[in-house]
Each structure stands twice: as C-alpha cells, then as structure tokens.
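In what follows, a structure is listed as structure tokens, so that the remarks can point back to it.
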Amino acid sequence: MKGKLLTVTALWFMLMSGNMVKADPSPAGSEDQIELSLRSSPAAEYKTSVFISSPKWKKWIRALEQDNKPLQPAPSYSVMELSVPEANGARATYRVTSHEAGLTLYRPDTRTAFQVPDHMKAELNELRQELADKHFGQALTWAEANKLMPKGTVLSITDLETGLTFRGQRRAGSAHMDVQPLTKEDTAIMKTIYGGRWSWQRKAVLVGTSGKVAGASMHGMPHGGDGIPDNDFNGHFCIHFAGSITHGSAHSDPAHQAMAQKASGRLEDYHKSLSPTDTVQLFLVAVNQKDRHLLELLLHTSTDAGLAAEWLDDSILTARPIGESPSSPSVPDDGLTARFKMRVAISRKGGRPQGIWFWWSLTRTNPAGAWFIADIQPEAVIR
C-alpha cells in the first residue's frame with residue numbers, strides 16, 4: 001500500500017475487519033468538487049475526506065488570494081488540506097491551520113498563507129470538527145478504557161499512518177493492556193505496519209470494540225507471556241491510553257502518552273499543557289521515534305535550519321535525559337521565554353553513550369501558549 005492514500009469519505013471505518021481499512025470511492029463528480037481531507041502527519045497514507053460541491057467555496061477561496069495580505073504559516077499538529085479544482089484542470093492545495101490572527105489557508109506552492117474571513121470560518125470550522133470526529137479516536141483515560149475493554153475483549157487496531165487494521169485480543173495487563181494478534185494474518189498485518197521488523201517504536205492507533213473507537217498507543221515488540229496458539233507471535237505487545245503506566249516502573253511512558261494524545265486528536269492541547277522541561281521531554285520522544293513531523297513542529301520557532309537534521313541523524317539510536325535534575329527554567333516576567341540546562345545521554349551506532357549537558361532555549365507567543373524550542377547548545381561532553 002506504499003504510496004497510496006487511503007480515503008474514508010464522510011464514513012467511519014469498519015470494525016473487526018481483520019484486514020486493512022477499505023477506501024470508499026470518491027463520490028461521482030468529485031473531480032469538480034473541493035476536497036477537505038485530514039491526515040495525522042504529512043507522511044500518513046490514511047486520510048479522511050469530505051467533498052464540497054457548493055460553488056460559493058471556490059469564489060471565497062479566489063477572493064482570499066486577491067484581497068488578503070499574506071501571512072506566515074502556523075505550525076500544524078495534523079494535516080488538513082483543501083484541494084481546489086482550477087480552470088486549467090489542475091488542483092490547488094491549501095493547508096488549513098490555526099494562527100494567532102485566526103484560521104488560515106497556507107498554499108505551499110506559493111509559500112503564502114491567507115486569513116479565513118468570518119463568513120467562511122463558521123462553515124469551515126464545522127467541517128473541520130466533523131473530519132476530526134471521524135478520523136481520530138475518542139479520548140479515553142486508562143480507567144475508562146480498562147472498563148470498556150476488559151480482559152478477553154477482541155479489538156480492532158488501526159495504525160493512523162498506514163491505515164492498516166488488524167485484530168488483537170486483550171489477554172492481561174492491570175496498568176495498560178497486554179494484547180496479542182488474533183491470527184497469523186493479523187500478525188502479518190501488524191508486522192507490515194512496522195516495515196517488516198518488530199520494533200519498540202510507539203505508534204498512534206485507533207482501538208475499537210462494540211462500536212466505540214478510542215485513541216491509543218502501541219509498540220511492536222513481542223515480549224513476555226504468550227497464550228494464543230498458532231498466531232506467529234511469540235508473546236504480547238502493549239497498548240497504552242491516557243494516564244496508563246508501565247508494569248515495570250509504575251510510571252507513565254512519555255512516548256506512549258504523546259502517541260495516545262495524537263490518536264485522539266488532542267496533541268495540540270497536550271503540547272499546550274507542558275512545562276518547558278516537559279516540552280524538551282516531548283522533543284526527545286520525537287528524536288527517539290524518528291518522528292520528523294513532531295520534531296519539526298517543536299522546532300517551529302528555531303532559526304537554525306540544520307537543527308532538525310542534526311537530531312534526526314540516522315546514527316543517533318537514543319537520546320534520553322539522565323542523572324541530575326534539570327536546572328530550574330529561567331523565565332522572565334513576560335513568561336514568553338525560558339532557558340535551562342538538562343543532561344542527555346546520546347547513544348550512537350558503533351559508539352559508547354555520551355552524557356551531554358545542553359542549554360535549552362524555548363519561546364512562546366503568549367503566556368497561555370505552547371512552548372517551542374528556539375535553540376539547543378551543548379555545554380560539555382561527559383563520557
């Protein structure tokens with residue numbers, strides 16, 4: 001399925017399919033309609049769409065380009081796009097983002113963003129909410145998920161990036177779910193999601209049962225106890241929800257928590273709730289996950305164009321905070337900047353781990369806004 005976008009057109013996916021999500025065909029005449037689509041990241045193959053036939057939308061968008069002043073694009077926690085047919089048969093793409101000035105449409109080919117006027121905003125916001133409700137899962141706490149999906153429940157599990165769906169059964173787990181693929185076919189689909197190799201990488205997933213779908217996080221590494229015979233899966237894997245913890249440490253796993261929020265469509269709210277030090281923790285999650293979209297989002301205010309590539313270098317295996325607690329962030333009275341020191345253990349291919357003290361500088365646009373990383377400077381290397 002590489003390179004093909006899966007589309008759900010104003011329709012929720014089928015539960016318990018035991019196969020990948022099937023795309024609905026585009027409605028008749030959709031080549032002349034505006035498509036509003038939603039994906040979880042720029043690389044995601046799975047998307048949800050609605051089609052707009054009203055001619056007034058084309059007039060509104062043409063007027064935007066003529067009458068509005070260009071704006072800088074805003075960071076986007078998911079990818080919502082308007083695809084608009086043009087007179088020459090081509091289609092213009094606009095990315096829908098929220099901005100301090102309001103709702104904006106960003107056109108990548110011209111690198112300009114335009115503020116959405118009030119008369120268009122209400123209808124667009126209604127469609128945005130409709131798409132989000134269909135694309136993402138319900139935000140359940142661990143206590144709620146544990147009650148809804150007791151041990152023995154058969155689950156439908158969909159990866160938000162590929163759109164592939166497989167079945168699993170909750171077998172155990174008191175602080176999160178221990179799950180096993182139901183059949184050999186389900187194991188094969190799960191392994192395809194992970195590129196053919198089992199991995200501890202956390203992925204945002206939709207977990208469904210009894211007509212309800214929740215946002216969650218899974219990893220892809222067989223471990224621990226087994227139980228379902230002949231499913232080609234030696235052990236179980238874990239599924240986490242908001243507030244769940246690991247069985248070994250009795251602490252929440254930052255990567256699982258971030259992916260569960262992403263799967264629930266709440267990554268922006270989650271980011272806004274984080275302190276400067278927690279924002280750096282989320283940045284290190286992005287580094288360890290090789291999550292370019294999340295990492296570039298957190299570096300949105302940085303003027304160092306090479307910073308993302310430096311931290312996404314293939315030679316970096318892990319980057320984790322270690323040892324001493326970070327210094328208390330220095331935050332001026334306006335509450336818009338923060339600076340502190342945190343030590344990070346970086347493991348690279350073929351080398352020994354290094355403990356490096358970094359100075360982290362963060363900014364935000366208002367006292368209630370999310371923190372973004374503006375600069376990262378190493379202070380010393382401790383081998």
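Chain lettering (A, B, ...) mirrors the order of the structure tokens, residue numbering begins at 1 for each chain separately, and ligand numbering begins at 1 in order of display.
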**Prompt:** Mind checking DSSP for range 126-183 of chain A and telling me the strand (DSSP E) residues as a list in words?
**Reply:** Val154, Leu155, Ser156, Ile157, Thr158, Asp159, Thr165, Phe166, Arg167, Gly168, Gln169, Arg170, Arg171, Ala172, Met177, Asp178, Val179, Gln180 and Pro181 of chain A
**Item:** Spatial neighbours of range 197-212 of chain A, 7 Å, only C-alpha atoms, chain gap at least 6 places, as a PyMOL selection string
**Value:** chain A and resi 15+137+155-160+191+218-221+255-256+259-260+262-263+289
File dump, residues just selected, all heavy atoms, as a tab-separated table (two decimals), in the first residue's frame:
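Dumped to result23.tsv:
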```tsv
chain	number	residue	atom	x	y	z
A	15	LEU	N	-15.24	-1.85	11.87
A	15	LEU	CA	-14.59	-2.52	12.98
A	15	LEU	C	-14.49	-4.02	12.72
A	15	LEU	O	-15.29	-4.61	11.99
A	15	LEU	CB	-15.37	-2.27	14.27
A	15	LEU	CG	-15.40	-0.83	14.78
A	15	LEU	CD1	-16.32	-0.75	15.98
A	15	LEU	CD2	-14.01	-0.37	15.14
A	137	GLY	N	-9.71	8.93	17.31
A	137	GLY	CA	-10.46	8.16	18.29
A	137	GLY	C	-10.92	9.02	19.46
A	137	GLY	O	-10.46	10.14	19.66
A	155	LEU	N	-10.23	-6.76	19.86
A	155	LEU	CA	-10.08	-5.36	19.48
A	155	LEU	C	-9.76	-5.21	18.01
A	155	LEU	O	-9.07	-6.05	17.42
A	155	LEU	CB	-8.95	-4.71	20.30
A	155	LEU	CG	-8.99	-4.88	21.82
A	155	LEU	CD1	-7.68	-4.44	22.43
A	155	LEU	CD2	-10.16	-4.10	22.41
A	156	SER	N	-10.24	-4.13	17.40
A	156	SER	CA	-9.83	-3.72	16.06
A	156	SER	C	-8.80	-2.61	16.23
A	156	SER	O	-9.08	-1.60	16.88
A	156	SER	CB	-11.03	-3.21	15.26
A	156	SER	OG	-10.63	-2.67	14.02
A	157	ILE	N	-7.61	-2.78	15.67
A	157	ILE	CA	-6.50	-1.85	15.89
A	157	ILE	C	-6.05	-1.29	14.55
A	157	ILE	O	-5.64	-2.04	13.65
A	157	ILE	CB	-5.32	-2.57	16.59
A	157	ILE	CG1	-5.81	-3.18	17.91
A	157	ILE	CG2	-4.16	-1.60	16.83
A	157	ILE	CD1	-4.89	-4.26	18.46
A	158	THR	N	-6.14	0.03	14.39
A	158	THR	CA	-5.80	0.69	13.13
A	158	THR	C	-4.65	1.66	13.33
A	158	THR	O	-4.69	2.52	14.22
A	158	THR	CB	-7.01	1.47	12.57
A	158	THR	OG1	-8.08	0.56	12.33
A	158	THR	CG2	-6.67	2.19	11.28
A	159	ASP	N	-3.62	1.53	12.51
A	159	ASP	CA	-2.49	2.44	12.53
A	159	ASP	C	-2.86	3.72	11.80
A	159	ASP	O	-3.29	3.69	10.64
A	159	ASP	CB	-1.29	1.76	11.85
A	159	ASP	CG	-0.12	2.70	11.66
A	159	ASP	OD1	0.15	3.50	12.57
A	159	ASP	OD2	0.54	2.63	10.60
A	160	LEU	N	-2.68	4.87	12.47
A	160	LEU	CA	-3.08	6.15	11.88
A	160	LEU	C	-2.21	6.57	10.70
A	160	LEU	O	-2.61	7.43	9.93
A	160	LEU	CB	-3.04	7.25	12.95
A	160	LEU	CG	-4.35	7.59	13.65
A	160	LEU	CD1	-4.15	8.78	14.58
A	160	LEU	CD2	-5.46	7.91	12.66
A	191	LYS	N	2.99	-6.69	11.48
A	191	LYS	CA	4.40	-6.62	11.11
A	191	LYS	C	4.60	-5.70	9.92
A	191	LYS	O	5.61	-4.98	9.82
A	191	LYS	CB	4.95	-8.01	10.82
A	191	LYS	CG	6.48	-8.08	10.85
A	191	LYS	CD	6.96	-9.52	10.87
A	191	LYS	CE	8.47	-9.57	11.10
A	191	LYS	NZ	8.97	-10.97	11.17
A	218	MET	N	0.53	1.98	20.68
A	218	MET	CA	1.05	0.62	20.80
A	218	MET	C	2.53	0.61	20.43
A	218	MET	O	3.03	1.51	19.76
A	218	MET	CB	0.30	-0.35	19.88
A	218	MET	CG	0.64	-0.23	18.41
A	218	MET	SD	-0.13	-1.56	17.42
A	218	MET	CE	0.58	-1.20	15.80
A	219	HIS	N	3.24	-0.42	20.88
A	219	HIS	CA	4.56	-0.70	20.33
A	219	HIS	C	4.49	-2.02	19.57
A	219	HIS	O	3.45	-2.71	19.60
A	219	HIS	CB	5.64	-0.73	21.42
A	219	HIS	CG	5.54	-1.86	22.38
A	219	HIS	ND1	5.68	-3.19	22.02
A	219	HIS	CD2	5.30	-1.88	23.72
A	219	HIS	CE1	5.55	-3.96	23.08
A	219	HIS	NE2	5.30	-3.21	24.13
A	220	GLY	N	5.55	-2.38	18.87
A	220	GLY	CA	5.51	-3.55	18.02
A	220	GLY	C	6.58	-4.58	18.34
A	220	GLY	O	7.21	-5.10	17.41
A	221	MET	N	6.77	-4.89	19.62
A	221	MET	CA	7.80	-5.86	20.01
A	221	MET	C	7.19	-7.01	20.81
A	221	MET	O	6.71	-6.79	21.93
A	221	MET	CB	8.88	-5.18	20.85
A	221	MET	CG	10.02	-6.11	21.26
A	221	MET	SD	10.88	-6.86	19.86
A	221	MET	CE	11.78	-5.43	19.21
A	255	ALA	N	6.49	8.59	25.51
A	255	ALA	CA	6.22	8.33	24.10
A	255	ALA	C	4.81	7.76	23.91
A	255	ALA	O	4.08	8.16	23.00
A	255	ALA	CB	7.27	7.38	23.54
A	256	HIS	N	4.43	6.81	24.77
A	256	HIS	CA	3.07	6.26	24.69
A	256	HIS	C	2.03	7.35	24.94
A	256	HIS	O	0.99	7.41	24.25
A	256	HIS	CB	2.89	5.14	25.71
A	256	HIS	CG	3.33	3.79	25.22
A	256	HIS	ND1	2.93	3.26	24.02
A	256	HIS	CD2	4.12	2.85	25.80
A	256	HIS	CE1	3.45	2.05	23.86
A	256	HIS	NE2	4.18	1.78	24.93
A	259	MET	N	1.70	9.61	21.82
A	259	MET	CA	1.01	8.95	20.71
A	259	MET	C	-0.47	8.74	21.00
A	259	MET	O	-1.31	8.83	20.10
A	259	MET	CB	1.69	7.62	20.39
A	259	MET	CG	3.09	7.75	19.80
A	259	MET	SD	3.17	8.70	18.25
A	259	MET	CE	3.84	10.28	18.85
A	260	ALA	N	-0.82	8.47	22.26
A	260	ALA	CA	-2.24	8.34	22.61
A	260	ALA	C	-2.97	9.66	22.41
A	260	ALA	O	-4.11	9.69	21.94
A	260	ALA	CB	-2.38	7.86	24.05
A	262	LYS	N	-2.04	12.00	20.28
A	262	LYS	CA	-2.10	12.19	18.82
A	262	LYS	C	-3.27	11.41	18.22
A	262	LYS	O	-4.01	11.93	17.38
A	262	LYS	CB	-0.79	11.73	18.20
A	262	LYS	CG	-0.74	11.81	16.68
A	262	LYS	CD	0.62	11.36	16.16
A	262	LYS	CE	0.68	11.39	14.65
A	262	LYS	NZ	2.01	10.97	14.14
A	263	ALA	N	-3.45	10.16	18.64
A	263	ALA	CA	-4.52	9.32	18.11
A	263	ALA	C	-5.90	9.84	18.48
A	263	ALA	O	-6.89	9.53	17.82
A	263	ALA	CB	-4.35	7.89	18.60
A	289	GLN	N	11.74	8.45	18.35
A	289	GLN	CA	10.75	7.87	17.45
A	289	GLN	C	11.09	8.13	15.98
A	289	GLN	O	10.41	7.62	15.09
A	289	GLN	CB	9.37	8.47	17.73
A	289	GLN	CG	8.80	8.15	19.09
A	289	GLN	CD	8.00	6.87	19.07
A	289	GLN	OE1	8.38	5.89	19.67
A	289	GLN	NE2	6.90	6.87	18.35
```
**Request:** Might you pull out every residue within 8 Å of range 114-117 of chain A, with only C-alpha atoms counted and same-chain residues fewer than 6 positions away left off, and present them as a list in words?
**Result:**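 Using only C-alpha atoms, the neighbours found are Leu64, Glu65, Asn68, Lys69, Pro70, Leu71, Ala101, Gly102, Leu103, Thr104, Leu105 and Tyr106 of chain A.
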List every residue of range 50-102 of chain A that DSSP, applied to the backbone of this structure, assigns to alpha helix (DSSP H), and report them as a CSV table (one decimal) with all heavy atoms, in the first residue's frame.
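The file below, out.csv, is the result:
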```
chain,number,residue,atom,x,y,z
A,55,PRO,N,-20.7,26.1,-5.0
A,55,PRO,CA,-19.8,27.0,-5.8
A,55,PRO,C,-19.3,28.2,-5.0
A,55,PRO,O,-18.3,28.7,-5.4
A,55,PRO,CB,-20.8,27.5,-6.9
A,55,PRO,CG,-22.1,26.8,-6.8
A,55,PRO,CD,-22.0,26.0,-5.5
A,56,LYS,N,-20.0,28.5,-3.9
A,56,LYS,CA,-19.5,29.7,-3.2
A,56,LYS,C,-18.1,29.5,-2.6
A,56,LYS,O,-17.4,30.5,-2.4
A,56,LYS,CB,-20.5,30.1,-2.1
A,56,LYS,CG,-20.6,29.1,-1.0
A,56,LYS,CD,-21.7,29.5,0.1
A,56,LYS,CE,-21.8,28.5,1.2
A,56,LYS,NZ,-22.9,28.8,2.1
A,57,TRP,N,-17.8,28.2,-2.3
A,57,TRP,CA,-16.4,28.0,-1.7
A,57,TRP,C,-15.3,28.4,-2.7
A,57,TRP,O,-14.3,28.9,-2.3
A,57,TRP,CB,-16.3,26.5,-1.3
A,57,TRP,CG,-16.9,26.3,0.1
A,57,TRP,CD1,-18.3,26.2,0.4
A,57,TRP,CD2,-16.2,26.1,1.3
A,57,TRP,NE1,-18.4,26.0,1.7
A,57,TRP,CE2,-17.2,25.9,2.3
A,57,TRP,CE3,-14.9,26.0,1.6
A,57,TRP,CZ2,-16.8,25.7,3.6
A,57,TRP,CZ3,-14.5,25.8,2.9
A,57,TRP,CH2,-15.5,25.6,3.9
A,58,LYS,N,-15.5,28.0,-4.0
A,58,LYS,CA,-14.5,28.4,-4.9
A,58,LYS,C,-14.4,29.9,-5.0
A,58,LYS,O,-13.3,30.5,-5.2
A,58,LYS,CB,-14.8,27.8,-6.3
A,58,LYS,CG,-14.8,26.3,-6.4
A,58,LYS,CD,-15.2,25.8,-7.7
A,58,LYS,CE,-15.2,24.2,-7.7
A,58,LYS,NZ,-15.6,23.7,-9.1
A,59,LYS,N,-15.5,30.6,-5.0
A,59,LYS,CA,-15.5,32.1,-5.0
A,59,LYS,C,-14.8,32.6,-3.8
A,59,LYS,O,-14.0,33.6,-3.9
A,59,LYS,CB,-16.9,32.6,-5.1
A,59,LYS,CG,-17.6,32.3,-6.4
A,59,LYS,CD,-19.0,32.9,-6.4
A,59,LYS,CE,-19.8,32.5,-7.7
A,59,LYS,NZ,-21.2,33.0,-7.7
A,60,TRP,N,-15.1,32.1,-2.6
A,60,TRP,CA,-14.4,32.5,-1.4
A,60,TRP,C,-12.9,32.4,-1.5
A,60,TRP,O,-12.1,33.3,-1.1
A,60,TRP,CB,-14.9,31.7,-0.2
A,60,TRP,CG,-16.3,32.1,0.2
A,60,TRP,CD1,-17.1,33.1,-0.1
A,60,TRP,CD2,-17.1,31.3,1.2
A,60,TRP,NE1,-18.3,33.1,0.5
A,60,TRP,CE2,-18.3,32.0,1.3
A,60,TRP,CE3,-17.0,30.2,1.9
A,60,TRP,CZ2,-19.4,31.6,2.1
A,60,TRP,CZ3,-18.0,29.7,2.7
A,60,TRP,CH2,-19.2,30.4,2.8
A,61,ILE,N,-12.4,31.2,-2.0
A,61,ILE,CA,-11.0,31.0,-2.0
A,61,ILE,C,-10.3,31.9,-3.0
A,61,ILE,O,-9.2,32.4,-2.8
A,61,ILE,CB,-10.8,29.5,-2.3
A,61,ILE,CG1,-11.2,28.7,-1.0
A,61,ILE,CG2,-9.3,29.2,-2.5
A,61,ILE,CD1,-11.3,27.2,-1.3
A,62,ARG,N,-10.9,32.1,-4.2
A,62,ARG,CA,-10.3,33.0,-5.1
A,62,ARG,C,-10.3,34.4,-4.6
A,62,ARG,O,-9.3,35.1,-4.8
A,62,ARG,CB,-11.2,33.0,-6.4
A,62,ARG,CG,-11.0,31.8,-7.3
A,62,ARG,CD,-11.5,32.1,-8.7
A,62,ARG,NE,-13.0,32.2,-8.7
A,62,ARG,CZ,-13.8,31.3,-8.9
A,62,ARG,NH1,-13.4,30.0,-9.1
A,62,ARG,NH2,-15.1,31.5,-8.9
A,63,ALA,N,-11.3,34.8,-3.8
A,63,ALA,CA,-11.3,36.1,-3.2
A,63,ALA,C,-10.2,36.3,-2.2
A,63,ALA,O,-9.6,37.3,-2.0
A,63,ALA,CB,-12.6,36.4,-2.6
A,64,LEU,N,-9.9,35.2,-1.5
A,64,LEU,CA,-8.9,35.2,-0.4
A,64,LEU,C,-7.5,35.6,-1.0
A,64,LEU,O,-6.8,36.5,-0.5
A,64,LEU,CB,-8.7,33.8,0.2
A,64,LEU,CG,-9.7,33.4,1.3
A,64,LEU,CD1,-9.3,32.0,1.8
A,64,LEU,CD2,-9.6,34.4,2.5
A,65,GLU,N,-7.2,35.0,-2.2
A,65,GLU,CA,-5.9,35.3,-2.8
A,65,GLU,C,-5.8,36.7,-3.3
A,65,GLU,O,-4.7,37.3,-3.4
A,65,GLU,CB,-5.6,34.3,-3.9
A,65,GLU,CG,-5.6,32.9,-3.5
A,65,GLU,CD,-4.4,32.1,-4.0
A,65,GLU,OE1,-3.4,32.8,-4.3
A,65,GLU,OE2,-4.4,30.9,-4.0
A,66,GLN,N,-6.9,37.3,-3.7
A,66,GLN,CA,-6.9,38.6,-4.2
A,66,GLN,C,-7.0,39.7,-3.1
A,66,GLN,O,-6.4,40.8,-3.3
A,66,GLN,CB,-8.2,38.8,-5.2
A,66,GLN,CG,-8.1,37.9,-6.4
A,66,GLN,CD,-9.4,37.9,-7.2
A,66,GLN,OE1,-10.3,38.6,-6.8
A,66,GLN,NE2,-9.4,37.1,-8.2
A,67,ASP,N,-7.7,39.4,-2.0
A,67,ASP,CA,-8.0,40.5,-1.1
A,67,ASP,C,-7.2,40.5,0.2
A,67,ASP,O,-7.1,41.4,0.9
A,67,ASP,CB,-9.5,40.5,-0.7
A,67,ASP,CG,-10.4,40.7,-1.9
A,67,ASP,OD1,-9.9,41.3,-2.9
A,67,ASP,OD2,-11.5,40.3,-1.9
```
**Request:** Write out as a list of chain:residue names which residues come within 7 Å of Ile376 in chain A when counting only C-alpha atoms, dropping same-chain ones fewer than 3 positions away.
**Result:** A:Phe358, A:Trp359, A:Trp360, A:Ser361
Could you write out the selected residues, including N, CA and C atoms, as a compact mmCIF listing (two decimals), in the first residue's frame?
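Contents of again-v4.txt, freshly written:
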```
# COMPACT_ATOMS: atom_id res chain seq x y z
N PHE A 358 23.13 20.14 27.82
CA PHE A 358 22.65 21.08 26.80
C PHE A 358 21.94 22.24 27.49
N TRP A 359 22.12 23.43 26.91
CA TRP A 359 21.29 24.58 27.27
C TRP A 359 20.12 24.61 26.29
N TRP A 360 18.91 24.60 26.85
CA TRP A 360 17.69 24.60 26.04
C TRP A 360 17.02 25.96 26.16
N SER A 361 16.77 26.61 25.03
CA SER A 361 16.08 27.90 24.99
C SER A 361 14.73 27.72 24.31
```
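Taking CA of Thr301 in chain A and CA of Ala216 in chain A as the two end points, the separation is 28.8 Å.
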**Request:** Could you give me, as JSON, numbers by chain, the residues within 9 Å of range 123-128 of chain A, counting only C-alpha atoms and dropping anything in the same chain fewer than 5 positions from it?
**Result:** {"A": [36, 37, 38, 50, 80, 103, 133]}
**Asked** CA of Gly196 in chain A and CA of Ala286 in chain A are how many Å apart?
**Response**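 Answer for the CA of Gly196 in chain A to CA of Ala286 in chain A separation: 21.4 Å.
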**Message:** Would you compute the distance between CA of Arg95 in chain A and CA of Arg107 in chain A? Give it in Å to one decimal.
**Reply:**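 CA of Arg107 in chain A lies at a distance of 6.3 Å from CA of Arg95 in chain A.
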**Request:** List the neighbours of range 315-319 of chain A out to 12 Å using only C-alpha atoms; skip same-chain residues closer than 6 positions along the sequence, and give me the result as a ChimeraX atom specification.
**Result:** /A:200-201,280-290,309,342-356,358
**Fill in**
If you count only C-alpha atoms, the residue of A:Trp371, A:Arg339, A:Ser78, A:Phe237 closest to Arg266 in chain A turns out to be A:Ser78
**Message:** For Gly168 in chain A, find every residue with an atom within 7 Å (counting only C-alpha atoms), except residues of its own chain fewer than 6 positions away, and show them as a ChimeraX atom specification.
**Reply:** /A:154-156,179-182
For those residues, write all heavy atoms to a file as an mmCIF file, in the first residue's frame.
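Generated file (selection-v3.cif):
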```
data_model
loop_
_atom_site.group_PDB
_atom_site.id
_atom_site.type_symbol
_atom_site.label_atom_id
_atom_site.label_comp_id
_atom_site.auth_asym_id
_atom_site.auth_seq_id
_atom_site.Cartn_x
_atom_site.Cartn_y
_atom_site.Cartn_z
ATOM 1 N N VAL A 154 -11.942 -8.748 22.118
ATOM 2 C CA VAL A 154 -11.315 -8.703 20.799
ATOM 3 C C VAL A 154 -11.376 -7.267 20.294
ATOM 4 O O VAL A 154 -12.435 -6.630 20.309
ATOM 5 C CB VAL A 154 -12.011 -9.656 19.813
ATOM 6 C CG1 VAL A 154 -11.433 -9.489 18.409
ATOM 7 C CG2 VAL A 154 -11.855 -11.090 20.277
ATOM 8 N N LEU A 155 -10.226 -6.760 19.857
ATOM 9 C CA LEU A 155 -10.082 -5.357 19.484
ATOM 10 C C LEU A 155 -9.761 -5.213 18.007
ATOM 11 O O LEU A 155 -9.068 -6.046 17.420
ATOM 12 C CB LEU A 155 -8.950 -4.710 20.304
ATOM 13 C CG LEU A 155 -8.994 -4.885 21.817
ATOM 14 C CD1 LEU A 155 -7.679 -4.443 22.432
ATOM 15 C CD2 LEU A 155 -10.164 -4.104 22.410
ATOM 16 N N SER A 156 -10.241 -4.132 17.403
ATOM 17 C CA SER A 156 -9.831 -3.721 16.065
ATOM 18 C C SER A 156 -8.799 -2.612 16.225
ATOM 19 O O SER A 156 -9.078 -1.604 16.879
ATOM 20 C CB SER A 156 -11.031 -3.215 15.261
ATOM 21 O OG SER A 156 -10.628 -2.675 14.024
ATOM 22 N N VAL A 179 -1.698 -7.296 24.838
ATOM 23 C CA VAL A 179 -2.547 -7.723 23.720
ATOM 24 C C VAL A 179 -1.765 -8.657 22.810
ATOM 25 O O VAL A 179 -0.541 -8.534 22.666
ATOM 26 C CB VAL A 179 -3.036 -6.490 22.919
ATOM 27 C CG1 VAL A 179 -3.926 -6.904 21.753
ATOM 28 C CG2 VAL A 179 -3.782 -5.525 23.844
ATOM 29 N N GLN A 180 -2.464 -9.591 22.178
ATOM 30 C CA GLN A 180 -1.863 -10.490 21.195
ATOM 31 C C GLN A 180 -2.678 -10.460 19.906
ATOM 32 O O GLN A 180 -3.917 -10.404 19.966
ATOM 33 C CB GLN A 180 -1.804 -11.917 21.729
ATOM 34 C CG GLN A 180 -0.909 -12.083 22.945
ATOM 35 C CD GLN A 180 -0.998 -13.482 23.536
ATOM 36 O OE1 GLN A 180 -1.229 -14.443 22.829
ATOM 37 N NE2 GLN A 180 -0.825 -13.583 24.847
ATOM 38 N N PRO A 181 -2.004 -10.491 18.748
ATOM 39 C CA PRO A 181 -2.745 -10.608 17.488
ATOM 40 C C PRO A 181 -3.581 -11.883 17.485
ATOM 41 O O PRO A 181 -3.167 -12.924 18.007
ATOM 42 C CB PRO A 181 -1.640 -10.664 16.420
ATOM 43 C CG PRO A 181 -0.441 -10.063 17.080
ATOM 44 C CD PRO A 181 -0.552 -10.424 18.525
ATOM 45 N N LEU A 182 -4.760 -11.810 16.873
ATOM 46 C CA LEU A 182 -5.702 -12.916 16.971
ATOM 47 C C LEU A 182 -5.294 -14.113 16.106
ATOM 48 O O LEU A 182 -5.453 -15.265 16.521
ATOM 49 C CB LEU A 182 -7.098 -12.426 16.570
ATOM 50 C CG LEU A 182 -8.299 -13.158 17.142
ATOM 51 C CD1 LEU A 182 -8.299 -13.147 18.657
ATOM 52 C CD2 LEU A 182 -9.592 -12.527 16.616
#
```
